[in-house]
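Shown below: my_file.cif, with mmCIF, C-alpha atoms.
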data_input
loop_
_atom_site.label_atom_id
_atom_site.label_comp_id
_atom_site.auth_asym_id
_atom_site.auth_seq_id
_atom_site.Cartn_x
_atom_site.Cartn_y
_atom_site.Cartn_z
CA MET V 1 235.05 195.97 28.72
CA SER V 2 231.73 194.74 29.82
CA SER V 3 231.46 191.83 32.22
CA PRO V 4 229.07 188.98 31.48
CA THR V 5 225.66 189.58 32.97
CA ALA V 6 224.28 186.89 35.32
CA PRO V 7 220.99 185.35 34.24
CA SER V 8 217.96 186.88 35.87
CA SER V 9 216.47 184.79 38.65
CA SER V 10 213.60 187.02 39.64
CA GLY V 11 210.60 184.92 40.89
CA ALA V 12 212.63 181.73 40.86
CA PRO V 13 213.01 181.42 44.65
CA GLY V 14 209.29 182.01 45.19
CA SER V 15 208.19 179.45 42.64
CA ALA V 16 210.65 176.89 43.98
CA ASP V 17 209.32 177.41 47.52
CA SER V 18 205.68 177.07 46.46
CA SER V 19 206.37 173.87 44.53
CA ALA V 20 208.26 172.47 47.53
CA VAL V 21 205.33 173.33 49.80
CA ARG V 22 202.94 171.53 47.43
CA ARG V 23 205.19 168.47 47.38
CA ASN V 24 205.62 168.34 51.16
CA SER V 25 202.06 169.21 52.12
CA LYS V 26 200.06 166.54 53.93
CA ARG V 27 196.77 168.09 52.98
CA PRO V 28 194.61 165.48 51.21
CA LYS V 29 193.49 166.02 47.69
CA TYR V 30 190.29 167.95 47.59
CA SER V 31 187.12 165.97 47.04
CA LYS V 32 183.53 166.37 48.14
CA PHE V 33 183.74 163.07 49.97
CA THR V 34 186.72 164.00 52.16
CA GLN V 35 185.32 167.47 52.79
CA GLN V 36 181.89 166.02 53.65
CA GLU V 37 180.17 168.10 50.98
CA LEU V 38 178.17 165.28 49.38
CA PRO V 39 174.43 165.85 49.09
CA ALA V 40 172.60 164.43 52.11
CA CYS V 41 169.04 164.00 53.24
CA LYS V 42 168.26 165.67 56.54
CA PRO V 43 164.61 164.93 57.26
CA ILE V 44 162.76 166.96 59.85
CA LEU V 45 160.86 164.68 62.22
CA THR V 46 157.50 166.35 62.13
CA PRO V 47 154.62 164.87 64.18
CA ARG V 48 153.04 163.45 61.02
CA TRP V 49 156.25 161.64 60.07
CA VAL V 50 156.70 160.18 63.57
CA ILE V 51 153.07 159.05 63.82
CA SER V 52 153.24 157.51 60.34
CA ALA V 53 156.44 155.62 61.17
CA PHE V 54 154.99 154.14 64.37
CA MET V 55 151.78 153.22 62.58
CA LEU V 56 153.69 151.55 59.73
CA VAL V 57 155.70 149.42 62.18
CA SER V 58 152.53 148.36 63.97
CA ILE V 59 150.77 147.49 60.68
CA VAL V 60 153.70 145.27 59.66
CA PHE V 61 154.56 143.68 63.02
CA ILE V 62 151.10 142.81 64.36
CA PRO V 63 150.09 140.54 61.41
CA ILE V 64 153.51 138.84 61.52
CA GLY V 65 153.08 138.21 65.24
CA VAL V 66 149.58 136.78 64.77
CA ALA V 67 150.75 134.52 61.93
CA SER V 68 153.74 133.33 63.99
CA LEU V 69 151.54 132.50 66.97
CA PHE V 70 149.06 130.57 64.81
CA ALA V 71 151.93 128.64 63.20
CA SER V 72 153.34 127.80 66.64
CA ARG V 73 149.93 126.70 67.92
CA ASP V 74 149.52 124.36 64.93
CA VAL V 75 152.59 122.40 66.03
CA VAL V 76 151.64 119.29 68.01
CA GLU V 77 154.05 118.24 70.76
CA ILE V 78 154.09 115.28 73.11
CA ILE V 79 156.54 115.66 76.00
CA ASP V 80 157.11 112.84 78.47
CA ARG V 81 159.55 113.09 81.36
CA TYR V 82 160.59 109.57 82.28
CA ASP V 83 163.78 109.78 84.36
CA ILE V 84 161.92 109.48 87.69
CA ASP V 85 159.09 107.14 86.69
CA CYS V 86 161.54 104.67 85.10
CA ILE V 87 163.31 104.10 88.43
CA PRO V 88 161.71 101.29 90.47
CA PRO V 89 160.17 102.68 93.71
CA ALA V 90 162.53 100.57 95.80
CA ASN V 91 165.59 102.20 94.17
CA ARG V 92 164.48 105.84 94.19
CA THR V 93 166.36 106.60 97.39
CA ASP V 94 169.65 105.95 95.56
CA LYS V 95 169.11 106.59 91.86
CA VAL V 96 172.82 106.89 91.07
CA GLN V 97 173.61 103.43 92.37
CA TYR V 98 170.70 101.96 90.39
CA ILE V 99 171.71 103.59 87.09
CA GLN V 100 175.37 102.59 87.52
CA THR V 101 174.64 98.89 87.97
CA PRO V 102 175.54 96.89 84.82
CA GLY V 103 172.87 95.93 82.33
CA ASP V 104 169.96 97.63 80.55
CA LYS V 105 167.14 99.24 82.51
CA PRO V 106 163.96 98.61 80.47
CA CYS V 107 160.93 100.81 80.96
CA ASN V 108 157.52 101.01 79.27
CA ARG V 109 155.73 104.29 78.68
CA THR V 110 152.31 105.03 77.18
CA LEU V 111 151.60 108.23 75.26
CA THR V 112 148.31 109.52 73.85
CA VAL V 113 148.19 111.64 70.71
CA PRO V 114 146.22 114.82 71.59
CA LYS V 115 145.73 115.95 67.99
CA ARG V 116 146.38 114.61 64.50
CA MET V 117 150.10 114.65 63.78
CA LYS V 118 151.22 114.78 60.16
CA HIS V 119 154.49 113.20 59.15
CA PRO V 120 157.35 113.68 59.43
CA ILE V 121 157.13 113.47 63.22
CA TYR V 122 160.44 114.33 64.83
CA VAL V 123 161.61 112.34 67.84
CA TYR V 124 163.90 114.22 70.24
CA TYR V 125 165.50 113.51 73.57
CA GLN V 126 165.69 116.49 75.89
CA LEU V 127 168.23 116.89 78.68
CA ASP V 128 167.98 119.50 81.43
CA ASN V 129 170.83 120.80 83.61
CA PHE V 130 173.48 119.32 81.27
CA TYR V 131 176.17 121.92 80.57
CA GLN V 132 177.60 120.90 77.21
CA ASN V 133 178.95 124.44 76.90
CA HIS V 134 181.49 124.00 79.71
CA ARG V 135 184.90 125.14 78.44
CA ARG V 136 186.83 121.96 79.29
CA TYR V 137 184.04 119.76 77.94
CA VAL V 138 183.80 121.65 74.63
CA LYS V 139 187.59 121.48 74.11
CA SER V 140 187.78 117.75 74.88
CA ARG V 141 187.77 116.51 71.27
CA SER V 142 190.09 116.16 68.27
CA ASP V 143 188.61 117.48 65.03
CA GLN V 144 191.67 116.30 63.08
CA GLN V 145 191.21 112.76 64.35
CA LEU V 146 187.51 112.80 63.45
CA ARG V 147 188.30 113.91 59.88
CA ASP V 148 191.36 111.91 58.90
CA ASN V 149 192.43 108.36 59.68
CA SER V 150 196.12 109.39 59.55
CA SER V 151 195.56 111.74 62.51
CA GLU V 152 194.55 108.97 64.89
CA SER V 153 197.31 109.83 67.36
CA LYS V 154 196.40 113.54 67.67
CA VAL V 155 194.67 113.32 71.02
CA GLY V 156 196.37 116.18 72.86
CA ASP V 157 193.13 117.93 73.83
CA CYS V 158 191.19 114.78 74.72
CA LYS V 159 192.42 114.02 78.24
CA PRO V 160 191.39 112.07 80.24
CA GLU V 161 189.76 110.07 77.40
CA ASP V 162 192.78 110.15 75.07
CA THR V 163 194.41 106.72 75.25
CA ASN V 164 193.73 103.27 76.63
CA ASN V 165 196.56 100.80 77.27
CA GLY V 166 198.90 103.00 75.24
CA SER V 167 196.65 103.09 72.16
CA SER V 168 194.64 106.09 70.97
CA ILE V 169 190.87 106.19 71.53
CA VAL V 170 188.82 106.97 68.42
CA PRO V 171 186.81 109.14 68.82
CA CYS V 172 188.60 110.63 71.80
CA GLY V 173 187.47 113.19 74.33
CA LEU V 174 184.72 113.69 76.90
CA ILE V 175 182.07 114.70 74.37
CA ALA V 176 182.16 111.39 72.52
CA TRP V 177 182.69 109.45 75.77
CA SER V 178 179.42 110.85 77.21
CA LEU V 179 177.34 109.89 74.14
CA PHE V 180 173.62 109.54 74.97
CA ASN V 181 172.65 105.87 75.19
CA ASP V 182 168.92 105.70 75.97
CA THR V 183 167.01 103.90 73.19
CA TYR V 184 163.35 104.00 72.16
CA ILE V 185 161.13 101.49 70.34
CA PHE V 186 157.63 102.64 69.37
CA SER V 187 154.41 100.79 68.61
CA ILE V 188 150.91 102.12 68.03
CA ASN V 189 147.65 100.77 69.45
CA SER V 190 149.51 97.72 70.83
CA SER V 191 149.83 96.14 67.38
CA GLN V 192 151.58 98.19 64.71
CA ASN V 193 155.27 98.96 65.00
CA LEU V 194 156.36 102.54 64.39
CA SER V 195 159.69 102.57 62.61
CA VAL V 196 162.07 105.43 63.34
CA ASN V 197 164.20 106.70 60.46
CA LYS V 198 167.64 107.64 61.77
CA LYS V 199 169.09 108.64 58.40
CA GLY V 200 169.62 112.31 57.63
CA ILE V 201 169.20 113.50 61.22
CA SER V 202 172.60 115.23 61.26
CA TRP V 203 173.89 118.20 59.30
CA LYS V 204 175.06 117.32 55.81
CA SER V 205 178.14 119.53 56.21
CA ASP V 206 179.12 117.61 59.35
CA ARG V 207 178.80 114.23 57.63
CA GLU V 208 180.78 115.27 54.57
CA HIS V 209 183.47 117.51 56.04
CA LYS V 210 183.88 116.93 59.79
CA PHE V 211 183.68 113.14 60.09
CA GLY V 212 185.84 111.01 57.83
CA LYS V 213 184.59 108.10 55.75
CA ASP V 214 187.80 106.20 56.55
CA VAL V 215 187.72 106.80 60.32
CA TYR V 216 186.41 103.89 62.40
CA PRO V 217 185.89 103.63 66.18
CA LYS V 218 188.81 102.14 68.08
CA ASN V 219 189.25 101.46 71.80
CA PHE V 220 186.02 103.39 72.39
CA GLN V 221 184.31 102.80 75.78
CA SER V 222 186.85 100.06 76.52
CA GLY V 223 188.13 101.53 79.79
CA GLY V 224 186.98 100.86 83.31
CA LEU V 225 184.45 103.72 83.41
CA ILE V 226 181.78 103.72 80.70
CA GLY V 227 180.35 107.15 79.95
CA GLY V 228 177.60 106.40 77.45
CA ALA V 229 176.76 104.55 74.27
CA LYS V 230 179.13 102.27 72.39
CA LEU V 231 179.83 102.53 68.65
CA ASN V 232 179.86 99.92 65.91
CA THR V 233 183.52 99.43 64.97
CA SER V 234 182.61 98.34 61.42
CA ILE V 235 180.78 101.58 60.52
CA PRO V 236 182.73 104.79 59.73
CA LEU V 237 182.11 107.85 61.84
CA SER V 238 180.53 109.69 58.87
CA GLU V 239 177.61 107.22 59.01
CA GLN V 240 177.15 107.15 62.79
CA GLU V 241 174.67 109.98 62.93
CA ASP V 242 173.77 109.65 66.61
CA LEU V 243 177.39 110.51 67.38
CA ILE V 244 177.45 113.38 64.86
CA VAL V 245 174.30 114.91 66.38
CA TRP V 246 175.72 114.57 69.90
CA MET V 247 179.09 116.07 68.98
CA ARG V 248 177.45 119.35 67.94
CA THR V 249 177.40 120.74 71.47
CA ALA V 250 174.49 122.79 72.80
CA ALA V 251 174.83 126.38 73.98
CA LEU V 252 172.34 126.14 76.85
CA PRO V 253 171.96 123.64 79.73
CA THR V 254 168.50 122.61 78.49
CA PHE V 255 168.56 121.27 74.96
CA ARG V 256 166.99 118.82 72.54
CA LYS V 257 168.77 116.58 70.09
CA LEU V 258 167.18 114.75 67.20
CA TYR V 259 166.85 111.00 67.70
CA GLY V 260 164.98 110.14 64.49
CA LYS V 261 161.88 110.69 62.37
CA ILE V 262 158.56 108.81 62.20
CA GLU V 263 157.41 108.72 58.58
CA GLN V 264 153.67 108.17 59.07
CA ASP V 265 150.71 110.16 60.33
CA LEU V 266 149.29 109.67 63.81
CA GLU V 267 145.60 110.21 64.44
CA GLU V 268 143.97 111.86 67.43
CA ASN V 269 143.65 109.60 70.50
CA ASP V 270 146.08 107.04 69.10
CA THR V 271 147.97 105.24 71.85
CA ILE V 272 151.74 104.99 71.51
CA GLN V 273 153.64 102.40 73.50
CA VAL V 274 157.29 103.23 74.09
CA MET V 275 159.74 100.54 75.15
CA LEU V 276 162.81 102.43 76.25
CA LYS V 277 166.08 101.59 77.94
CA ASN V 278 166.82 104.03 80.72
CA ASN V 279 170.61 103.79 80.67
CA TYR V 280 171.89 107.36 80.63
CA ASN V 281 173.02 108.76 83.96
CA THR V 282 171.57 112.19 84.61
CA TYR V 283 171.00 111.52 88.29
CA SER V 284 174.58 112.39 89.32
CA PHE V 285 174.01 116.06 88.43
CA ASN V 286 170.23 116.32 89.12
CA GLY V 287 169.44 116.33 85.41
CA LYS V 288 166.17 115.49 83.72
CA LYS V 289 165.37 113.34 80.69
CA LYS V 290 162.39 113.82 78.42
CA LEU V 291 161.10 112.16 75.28
CA VAL V 292 159.61 114.62 72.78
CA LEU V 293 157.52 113.90 69.68
CA SER V 294 156.84 116.99 67.60
CA THR V 295 155.59 118.13 64.22
CA THR V 296 156.81 121.31 62.51
CA SER V 297 155.35 124.29 60.69
CA TRP V 298 156.72 126.77 58.16
CA LEU V 299 158.28 128.56 61.14
CA GLY V 300 159.91 125.46 62.64
CA GLY V 301 159.05 123.84 65.97
CA LYS V 302 156.77 125.08 68.72
CA ASN V 303 157.95 128.48 69.92
CA ASP V 304 155.57 131.23 71.02
CA PHE V 305 158.33 133.74 71.81
CA LEU V 306 158.71 135.09 68.27
CA GLY V 307 155.00 135.78 67.87
CA ILE V 308 154.74 137.38 71.31
CA ALA V 309 157.77 139.58 70.59
CA TYR V 310 156.29 140.83 67.29
CA LEU V 311 152.92 141.49 68.93
CA THR V 312 154.54 143.34 71.82
CA VAL V 313 156.58 145.66 69.58
CA GLY V 314 153.67 146.20 67.18
CA GLY V 315 151.24 146.91 70.03
CA LEU V 316 153.67 149.35 71.67
CA CYS V 317 154.16 151.23 68.38
CA PHE V 318 150.39 151.38 67.84
CA PHE V 319 149.91 152.78 71.36
CA LEU V 320 152.58 155.44 70.79
CA ALA V 321 151.06 156.37 67.43
CA MET V 322 147.63 156.85 69.04
CA ALA V 323 149.11 158.82 71.97
CA PHE V 324 151.05 161.17 69.68
CA THR V 325 148.00 161.62 67.47
CA ILE V 326 145.84 162.65 70.42
CA VAL V 327 148.50 165.07 71.69
CA TYR V 328 148.93 166.51 68.20
CA LEU V 329 145.17 167.07 67.76
CA VAL V 330 144.45 168.34 71.26
CA LYS V 331 147.44 170.60 71.71
CA PRO V 332 149.12 171.32 68.36
CA ARG V 333 152.16 173.55 68.09
CA GLN V 334 153.67 175.43 65.20
CA LEU V 335 156.96 174.08 63.89
CA GLY V 336 159.92 176.37 64.57
CA ASP V 337 157.97 178.61 66.94
CA PRO V 338 160.66 180.58 68.90
CA SER V 339 158.26 181.22 71.77
CA TYR V 340 158.93 177.67 73.01
CA LEU V 341 162.62 178.45 73.59
CA SER V 342 163.54 178.54 77.27
CA TRP V 343 164.84 182.12 77.21
CA ASN V 344 161.65 183.31 75.52
CA ARG V 345 159.42 181.52 78.00
CA ASN V 346 161.40 183.08 80.88
CA PRO V 347 162.08 186.69 79.82
CA GLY V 348 163.49 187.52 83.24
CA TRP V 349 166.57 185.38 82.56
CA HIS V 350 169.70 187.21 81.38
#
Structure rendered as structure tokens:
Amino acid sequence: MSSPTAPSSSGAPGSADSSAVRRNSKRPKYSKFTQQELPACKPILTPRWVISAFMLVSIVFIPIGVASLFASRDVVEIIDRYDIDCIPPANRTDKVQYIQTPGDKPCNRTLTVPKRMKHPIYVYYQLDNFYQNHRRYVKSRSDQQLRDNSSESKVGDCKPEDTNNGSSIVPCGLIAWSLFNDTYIFSINSSQNLSVNKKGISWKSDREHKFGKDVYPKNFQSGGLIGGAKLNTSIPLSEQEDLIVWMRTAALPTFRKLYGKIEQDLEENDTIQVMLKNNYNTYSFNGKKKLVLSTTSWLGGKNDFLGIAYLTVGGLCFFLAMAFTIVYLVKPRQLGDPSYLSWNRNPGWH
């Protein structure tokens, strides 16, 4: 009687093991990308390629530098520092006490136009040694309060200018409290008034998204210590552009902020009379105040740095291109010559 024969299982253990290995393997799926086998360009930096690259950079950079310098030189600027001259000689020994006395401090300045200035002519005030980038100063504001009338009470970051007599200050914080309050009135040749357009001097995104149309000043500059300008309580913050410009803090201690625009041309040798009110206190921290009138070019305001930088890099690349060319012509060498290897130049080494 024959017993039943068990089914053959030859090869089964091996195939099961191999399939298990494939399932448990952590080896990534083969691809040219993962194996770094994609075609690549590996240029050999021959002397001709290096010289050509330096020459190309110099050909591009030098004209850009020249054009940038000419554009900067076409900008006409009038800069007048008035913080010292607008203090009466009798009060110059104690400038802080003079500036802190109540009332406006009128001052008259005369400017001469050195060259024809085409409109628009931008009017800036420049402050030196004023650190708007100080950490506590930058944080002393409430963006929620500036945007939304319902967030009037969110003044947690605004101390010490957060509340007054138990009521929230709008806008709160040290930035708004220290708002620049010098004013300028211009006339030309002692007869014609120069109007200053103060519309559109701030960023459109700030007016539309950062300052609410339903947010009005409240309790502002009503404490015992006045820091700067006061605000019209009947005008929403989105339309008070002097405040919006000031609230965009500067990164450096010397900065300019736009005061307005003069929408007419000024001719060479025109005389500008400026009636200003010297109210802002920069004397407590040895700061400086300057009035700046400036035109612009396609490159912006007056700034020679960009042109000088392009000329410097272009000139350096041209010098290197000429130096490598001379070396290549005077003392050429064959590419891949093994005689230049250190062990071939010193056969005694082992």
Let me know the residues the PyMOL selection byres ((chain V and resi 277) around 9) catches in the file above, as a ChimeraX atom specification. /V:104-108,181-184,275-276,278-280
What is the distance, in Å and to one decimal place, between CA of Ser153 in chain V and CA of Gly173 in chain V?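 Pair CA of Ser153 in chain V / CA of Gly173 in chain V returns 12.5 Å.
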Expand the PyMOL selection byres ((chain V and resi 242) around 9) into the individual residues it matches in the shown file, reporting them as a ChimeraX atom specification. /V:179-180,198,201-202,239-241,243-247,258-259
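Among V:Lys261, V:Asn269, V:Ser168, V:Thr112, the residue with the shortest atom-to-atom distance to Gln221 in chain V, counting only C-alpha atoms, is V:Ser168.
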Quick one, how far is CA of Val170 in chain V from CA of Ser222 in chain V? 10.8 Å
For the file shown, what are the residues hit by the PyMOL selection byres ((chain V and resi 267) around 8), laid out as an NGL selection string? :V and (113 or 115-117 or 265-266 or 268-270)
When you look at Ile64 in chain V with a cut-off of 9 Å (counting all atoms listed in the file), what residues show up, excluding the ones that are within fewer than 3 positions of it in the same chain? I need them as a list in words.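 Using all atoms listed in the file, the neighbours found are Val60, Phe61, Ala67, Ser68, Leu69, Gly307, Tyr310 and Leu311 of chain V.
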Grab the CA of Leu341 in chain V to CA of Phe319 in chain V distance for me, in Å with one decimal place.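 That distance, rounded to one decimal, is 28.7 Å.
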Counting all atoms listed in the file, which of V:Phe305, V:Tyr328, V:Phe255, V:Phe220 gets nearest to Asn129 in chain V? V:Phe255
Determine the nearest neighbour of Ala71 in chain V from the options V:Gly300, V:Gly287, V:Gly228, V:Pro332, counting all atoms listed in the file.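 Of all the options, V:Gly300 lies closest to Ala71 in chain V.
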Ref. answer, residues at most 9 Å from (156.8, 120.1, 76.0) with only C-alpha atoms, as a PyMOL selection string: chain V and resi 77-80+290+292-294+302
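Minimum atom-to-atom distance to Ile99 in chain V, evaluated using only C-alpha atoms, belongs to V:Asn281 out of V:Asn281, V:Val313, V:Lys204, V:Lys199.
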Among the residues V:Ile121, V:Ala229, V:Ile185, V:Ile51, the one that comes closest to Gln264 in chain V [using only C-alpha atoms]: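 Under the stated criterion, the closest residue is V:Ile121.
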Hey, what's within 12 Å of range 45-47 of chain V if we count all atoms listed in the file and toss same-chain stuff fewer than 3 positions away? As a list in words, please? Lys42, Val50, Ile51, Ser52, Ala53, Phe54, Leu320, Ala321, Met322, Ala323, Phe324, Thr325, Ile326, Val327, Tyr328, Leu329, Lys331, Pro332, Arg333, Gln334, Leu335 and Gly336 of chain V
